[in-house]
There are 2 protein chains.
Amino acid sequence: MSDGIPFGHHALKARRLGIETLHEAHIFMRKDCPVCRSEGFASHNRVLVCHGEKSVVATLYQVAPDFLGIDEAGLSEWAWQALELAPGARVTVSHPAPLESMSQVRSKIYGHRMSAHAFDAIIADVEARRYSNIQLAAFITACASQALDHTEMRGLTAAMVNAGDTLSWDKKPIVDKHSVGGLPGNRTTPIVVAIVAAAGLTIPKTSSRAITSPSGTADMMETLAPVELDIQSMRRVVEQEGGCIVWGGAVRLSPTDDILIGVERVLDLDAEGQLVASILSKKIAAGSTHLVLDLPVGPTAKIRSHETARSLSHNLVRVAHEFGIEARAIVTDGTQPVGRGIGPALEARDVLSVLKGDANAPDDLREHALALAGNLLELGGIANGRMMAAEILGSGKAWAKFQRICEAQGGMHEPPMAPYTHAVNADRTGIVDRIDNRRLSKVAKLAGAPDDKAAGLEIHVRLGARVAEGEPVYTIHAQSPGELNYALGFARDNKDIVGIAIG
Amino acid sequence: MSDGIPFGHHALKARRLGIETLHEAHIFMRKDCPVCRSEGFASHNRVLVCHGEKSVVATLYQVAPDFLGIDEAGLSEWAWQALELAPGARVTVSHPAPLESMSQVRSKIYGHRMSAHAFDAIIADVEARRYSNIQLAAFITACASQALDHTEMRGLTAAMVNAGDTLSWDKKPIVDKHSVGGLPGNRTTPIVVAIVAAAGLTIPKTSSRAITSPSGTADMMETLAPVELDIQSMRRVVEQEGGCIVWGGAVRLSPTDDILIGVERVLDLDAEGQLVASILSKKIAAGSTHLVLDLPVGPTAKIRSHETARSLSHNLVRVAHEFGIEARAIVTDGTQPVGRGIGPALEARDVLSVLKGDANAPDDLREHALALAGNLLELGGIANGRMMAAEILGSGKAWAKFQRICEAQGGMHEPPMAPYTHAVNADRTGIVDRIDNRRLSKVAKLAGAPDDKAAGLEIHVRLGARVAEGEPVYTIHAQSPGELNYALGFARDNKDIVGIAIG
């Protein structure tokens, strides 16, 4: 069995299975294959898979004989790419080195404080994908259960910054903004970037794609211009225009953040310490010196109470300060969506109408963007920020700047329109007294957002508005009749997504 | 897309992939299949898979087109069996009901005490496999991090008992024993059962198979007699002979224990509260009234300090008492293996030699079994238990009883012998001063135990023994030359498994 092959190394034919596993590598092998037998592997063991100089730690699943050959190893997509395999390649599978940093996680579980060194060790292993999702869940749970103190928040933040690339810029200030998620619409970023860059400040903005929401800023921006820029192209755009709005996935800023978020979402856990490290690590890595944080509070937003918002603001500003960033946190209204559209292209239309100064542009999005831009201008040393922001927007300078940024990123284009739409009407006459952000997002997702860029919904009412029975409350947009019906089915089963009080 | 199919239900052809996933159901679907598109599913979503009256909640993995047909759903082995599918069957896939009990887990994470009702809700969902491994990891970590108090231990224990079947017996006392694992060899159960049953007490013993060790009691016992008895057969054996030694997997006593243990092992977490609930829930479900607990303490055993053993003893006895069980915990020596054999058949040979009273039977195993049996006899109302136990063993009554139990379970047979053996010799002359239980177990596993029943090793030395250079320290047994070499390779790389101090 081990004849001719060095101890602990057995070559198997790699087979690409195309399985998407978030950030965990999976390997599939037959229970009766020589490697499993001689190494004593069982399902769920973590194994070391090597190909040339490349290696990954993968979770093993044993399979029945008719699914794979006895000398084959099936690999998930992430593992295949990380190993840079080609068809016909061979891999060796053996026991990985013990995951020493898990002892730090266990120590945290049992109530001990974690050192900066411990966070460094854990996050380095997370970055190298040595943690399985089960182990990640334990780390995340431990950090939520034994809440991180200030020193630990700083330690985790620093470790996350160090695990990725960092940007540095010749000038100062480098300004940035961040909105804590959970609020549909709320697409202030392109407007803020355009205003701030038009005012002469530097704002190299990276944004994310949707993970569980119907649209991320990068998804929305992609309906207007290319966003997958590498670090050189991003630098060129920023040097030329003072700002950009690109997808953060192409630049490796705090890459472990995405890995941790994947598991946090499954658990629906948003512990403060992790939120602070998640937000700030990306900004520190991006080289920001001044930062405005938008914290929307509402019963169906991510932050549900003003007490939580206050504590989070305090910690964000304090930790940011220790990394040399001047930060300002603004608690905003998170009781209803901002703007009218939910979904990449529909949100882009809102953004364009605000930038162009259309008469019917959504007021709330305009005001929200101006408040954030105004604060950023002031942080960047420009007096009367709010007034200046309004002037830049009103004069068309922001719109001109936005178009130049889009051109620099590769060319501006029109957002698509969905071929199928259907209105959901009020089933009674009354006053809108509640809007469920989470279920509204779900309708947009069922309609096809964010994969179908044009899909989503437009909401026609705001809290406090009077509606008459039969009037449209929101309109669903979809790429196909099937998806339209599917979203409508959910909407009909959930008539209280928009609450209407009789009176 | 949804034409003709009710909202939320889409039929896909089920394909059996034979993937072993412990206790989590996995489903594989193409990202571009109509169900994923219309339901808005993404990889790692939990989905409800239905077939007729049966349903399971599964973790979804999206795959590349060439791996599955667009109308196919690949299923892991556990999912296939739970849904009772046959080739060509169709399944529907939809969104599952929200996992409400996870909010209780989050509450525990944030430091709130858990009610008995909360444990009932969580454990019922765990039993129904509604928890993914990520969610199980969070629950286990939370219970370790926010240590369970006495009331919580009772609540978790009761919930685990209620989630499975329970046995009841017409007579009393019903005695039982449990050894906390981690010590190779230590196969006292068959000897204790034989002595106690021969003394006229009732001991319906269920045992487990190995999960990560080279042998479980059920694996060892299977080399002597059938152990996969259903509940009726088990009752018949116990009514006829007063005792049995069967595999617990065929009777559903505290089934969630195995699910939780699977994840605990990945995390290497043994929190006291969970250990108490794990041990006692099986005994309560089995209808025990009197219980002896064997707690081996040693640097490479599961319990590493006397302080841990004291606290665990205290909680085990106290919680057992609340469920009407009189328990006695005995702290024993866990610094080295008990008996000579490690591996199913080799351990069976030790057991037989003690039962038969062979002159060269391992003293430590005999003494350990007599201590446990003596305590059980006293708990069961028989005075001078230790003396009585020795008399029953010495007179051959235990051996006779053991043979009758084996016959009643389906017939006794000889344990197999391995065709390949090789001795590992001392590399210096000196005194044995340390034995690493964990790595010794690993050698036995690499040699093929427990799947190869005859595989494992025999250890020839004990702590304090003098050995001369070149003398055999242990002998590896294997079914094939490859496995023998494999275990030998590891043994040669780990010469300090048995430490020899010069002097």
# chains A, B, ... in the order shown; residues from 1 in each chain; ligands from 1
call {"tool": "residues_around", "arguments": {"residues": "segment 488-494 of chain B", "least_positions_apart": "5", "cutoff": "12 Å", "atoms": "only C-alpha atoms", "output": "compact mmCIF listing (two decimals) with C-alpha atoms, in the first residue's frame"}}
result
# COMPACT_ATOMS: atom_id res chain seq x y z
CA SER A 2 2.74 2.40 0.94
CA PRO A 6 6.79 8.14 0.93
CA PHE A 7 5.15 7.71 4.32
CA GLY A 8 2.00 9.83 4.55
CA SER A 38 -3.85 3.49 5.49
CA GLU A 39 -4.19 6.97 7.02
CA HIS A 95 -2.60 14.39 7.90
CA TYR B 420 1.09 -9.82 10.30
CA THR B 421 2.85 -8.74 13.46
CA HIS B 422 5.98 -6.76 14.18
CA ALA B 423 7.61 -5.75 17.46
CA VAL B 424 8.76 -2.23 18.28
CA ASN B 425 11.86 -2.49 20.44
CA ALA B 426 13.37 -0.29 23.13
CA ASP B 427 16.10 1.96 21.74
CA ILE B 435 3.15 6.16 28.17
CA ASP B 436 1.32 8.42 25.72
CA ARG B 438 -3.19 9.15 22.58
CA ARG B 439 -0.33 8.31 20.26
CA LEU B 440 -0.45 4.65 21.28
CA SER B 441 -4.10 4.65 20.15
CA LYS B 442 -3.01 6.22 16.91
CA VAL B 443 -0.56 3.40 16.19
CA ALA B 444 -3.40 0.89 16.70
CA LYS B 445 -5.65 2.88 14.35
CA LEU B 446 -2.98 3.16 11.66
CA ALA B 447 -2.60 -0.63 11.90
CA GLY B 448 -6.28 -0.92 10.92
CA GLY B 456 -4.04 -3.09 16.89
CA LEU B 457 -1.19 -3.66 19.27
CA VAL B 473 8.02 -2.65 24.01
CA TYR B 474 4.89 -3.30 21.99
CA THR B 475 3.90 -5.49 19.04
CA ILE B 476 1.80 -4.18 16.15
CA HIS B 477 -0.83 -6.51 14.64
CA ALA B 478 -2.20 -5.91 11.14
CA PRO B 481 1.72 -5.76 5.13
CA GLY B 482 0.83 -2.22 3.96
CA GLU B 483 -1.01 -1.36 7.12
CA GLY B 499 9.25 7.06 27.39
call {"tool": "interface_residues", "arguments": {"of": "chain B", "to": "chain A", "cutoff": "7 Å", "atoms": "only C-alpha atoms", "output": "PyMOL selection string"}}
result
chain B and resi 1-2+7+17-21+38-40+43-44+61-64+67+109-111+133-135+137-138+141-142+144-145+267+445-446+482-483+486+489
call {"tool": "write_last_selection", "arguments": {"atoms": "C-alpha atoms", "output": "PDB file, in the first residue's frame"}}
result
ATOM      1  CA  MET B   1     -41.055  28.006 -13.839  1.00  0.00           C
ATOM      2  CA  SER B   2     -43.655  27.685 -11.113  1.00  0.00           C
ATOM      3  CA  PHE B   7     -45.720  27.755  -4.592  1.00  0.00           C
ATOM      4  CA  LEU B  17     -24.233  10.141  -3.957  1.00  0.00           C
ATOM      5  CA  GLY B  18     -23.307   7.944  -0.997  1.00  0.00           C
ATOM      6  CA  ILE B  19     -21.575  10.809   0.786  1.00  0.00           C
ATOM      7  CA  GLU B  20     -21.060  10.250   4.514  1.00  0.00           C
ATOM      8  CA  THR B  21     -21.717  13.469   6.405  1.00  0.00           C
ATOM      9  CA  SER B  38     -36.734  30.852  -8.262  1.00  0.00           C
ATOM     10  CA  GLU B  39     -36.170  30.248  -4.530  1.00  0.00           C
ATOM     11  CA  GLY B  40     -33.084  32.436  -4.501  1.00  0.00           C
ATOM     12  CA  SER B  43     -24.611  27.599  -1.329  1.00  0.00           C
ATOM     13  CA  HIS B  44     -24.759  26.871   2.402  1.00  0.00           C
ATOM     14  CA  TYR B  61     -24.157  22.992  -2.065  1.00  0.00           C
ATOM     15  CA  GLN B  62     -24.365  24.366  -5.570  1.00  0.00           C
ATOM     16  CA  VAL B  63     -22.401  22.508  -8.232  1.00  0.00           C
ATOM     17  CA  ALA B  64     -21.145  22.943 -11.766  1.00  0.00           C
ATOM     18  CA  PHE B  67     -21.726  17.186 -12.339  1.00  0.00           C
ATOM     19  CA  ILE B 109     -24.272  33.076  23.893  1.00  0.00           C
ATOM     20  CA  TYR B 110     -25.059  36.482  25.351  1.00  0.00           C
ATOM     21  CA  GLY B 111     -24.999  35.092  28.875  1.00  0.00           C
ATOM     22  CA  ASN B 133     -22.923  21.565  12.057  1.00  0.00           C
ATOM     23  CA  ILE B 134     -22.188  25.299  12.194  1.00  0.00           C
ATOM     24  CA  GLN B 135     -25.230  25.809  14.406  1.00  0.00           C
ATOM     25  CA  ALA B 137     -20.844  24.217  17.004  1.00  0.00           C
ATOM     26  CA  ALA B 138     -22.357  27.484  18.237  1.00  0.00           C
ATOM     27  CA  THR B 141     -19.415  26.478  22.316  1.00  0.00           C
ATOM     28  CA  ALA B 142     -22.035  28.584  24.088  1.00  0.00           C
ATOM     29  CA  ALA B 144     -18.906  25.542  27.267  1.00  0.00           C
ATOM     30  CA  SER B 145     -18.298  29.287  27.380  1.00  0.00           C
ATOM     31  CA  LEU B 267     -13.617  21.109  18.459  1.00  0.00           C
ATOM     32  CA  LYS B 445      -5.653   2.880  14.352  1.00  0.00           C
ATOM     33  CA  LEU B 446      -2.981   3.161  11.665  1.00  0.00           C
ATOM     34  CA  GLY B 482       0.830  -2.224   3.959  1.00  0.00           C
ATOM     35  CA  GLU B 483      -1.013  -1.358   7.125  1.00  0.00           C
ATOM     36  CA  TYR B 486       2.166   2.278   7.855  1.00  0.00           C
ATOM     37  CA  GLY B 489       6.381   4.225  10.051  1.00  0.00           C
TER      38      GLY B 489
END
call {"tool": "select_by_dssp", "arguments": {"residues": "segment 164-247 of chain B", "states": "strand (DSSP E or B)", "output": "list in words"}}
result
Ile174, Val175, Asp176, Lys177, His178, Ser179, Gly185, Thr202, Ile203, Pro204, Lys205, Thr206, Ser207, Gly243, Cys244, Ile245, Val246 and Trp247 of chain B
call {"tool": "residues_around", "arguments": {"residues": "Asn315 of chain B", "least_positions_apart": "6", "cutoff": "9 Å", "atoms": "only C-alpha atoms", "output": "list in words"}}
result
His150, Met153, Glu272, Gly273 and Val276 of chain B
call {"tool": "closest_residue", "arguments": {"among": "B:Leu75, B:Val338, B:Ala389, B:Leu253", "to": "Pro184 of chain B", "atoms": "only C-alpha atoms"}}
result
B:Val338
call {"tool": "residues_around", "arguments": {"residues": "segment 347-361 of chain B", "least_positions_apart": "2", "cutoff": "8 Å", "atoms": "only C-alpha atoms", "output": "list in words"}}
result
Gly185, Arg187, Thr188, Pro190, Ile191, Met220, Met221, Thr223, Leu224, Gly339, Arg340, Gly341, Ile342, Gly343, Pro344, Ala345, Asp363, Leu365, Arg366, Leu393, Gly394, Gly396, Ala398, Trp399 and Pro415 of chain B
call {"tool": "select_by_dssp", "arguments": {"residues": "segment 269-474 of chain B", "states": "alpha helix (DSSP H)", "output": "MDAnalysis selection string"}}
result
chainID B and resid 272:285 306:322 344:356 363:379 385:394 397:409 437:446
call {"tool": "residues_around", "arguments": {"residues": "Asp294 of chain A", "least_positions_apart": "6", "cutoff": "9 Å", "atoms": "only C-alpha atoms", "output": "PyMOL selection string"}}
result
chain A and resi 177-180+328-332+372
call {"tool": "write_last_selection", "arguments": {"atoms": "N, CA and C atoms", "output": "compact mmCIF listing (two decimals), in the first residue's frame"}}
result
# COMPACT_ATOMS: atom_id res chain seq x y z
N LYS A 177 -16.26 56.32 3.88
CA LYS A 177 -17.51 56.19 4.62
C LYS A 177 -17.87 54.71 4.71
N HIS A 178 -18.68 54.38 5.71
CA HIS A 178 -19.21 53.02 5.82
C HIS A 178 -20.61 53.07 6.40
N SER A 179 -21.54 52.37 5.76
CA SER A 179 -22.87 52.23 6.33
C SER A 179 -23.04 50.81 6.84
N VAL A 180 -23.45 50.69 8.10
CA VAL A 180 -23.76 49.37 8.64
C VAL A 180 -25.02 48.90 7.92
N ARG A 328 -16.13 59.60 12.78
CA ARG A 328 -17.34 60.21 13.31
C ARG A 328 -18.49 59.24 12.99
N ALA A 329 -19.25 58.86 14.00
CA ALA A 329 -20.37 57.94 13.78
C ALA A 329 -21.67 58.72 13.83
N ILE A 330 -22.55 58.49 12.85
CA ILE A 330 -23.82 59.20 12.78
C ILE A 330 -24.95 58.19 12.85
N VAL A 331 -25.79 58.34 13.86
CA VAL A 331 -26.93 57.45 14.01
C VAL A 331 -28.06 57.99 13.15
N THR A 332 -28.57 57.16 12.23
CA THR A 332 -29.58 57.61 11.27
C THR A 332 -30.86 56.77 11.40
N LEU A 372 -24.08 62.62 5.13
CA LEU A 372 -22.81 61.87 5.21
C LEU A 372 -21.69 62.64 4.52
call {"tool": "atom_distance", "arguments": {"atom1": "atom CA of Ala199 of chain A", "atom2": "atom CA of Val237 of chain A"}}
result
16.1 Å
call {"tool": "atom_distance", "arguments": {"atom1": "atom CA of Asp496 of chain A", "atom2": "atom CA of Val47 of chain B"}}
result
24.3 Å
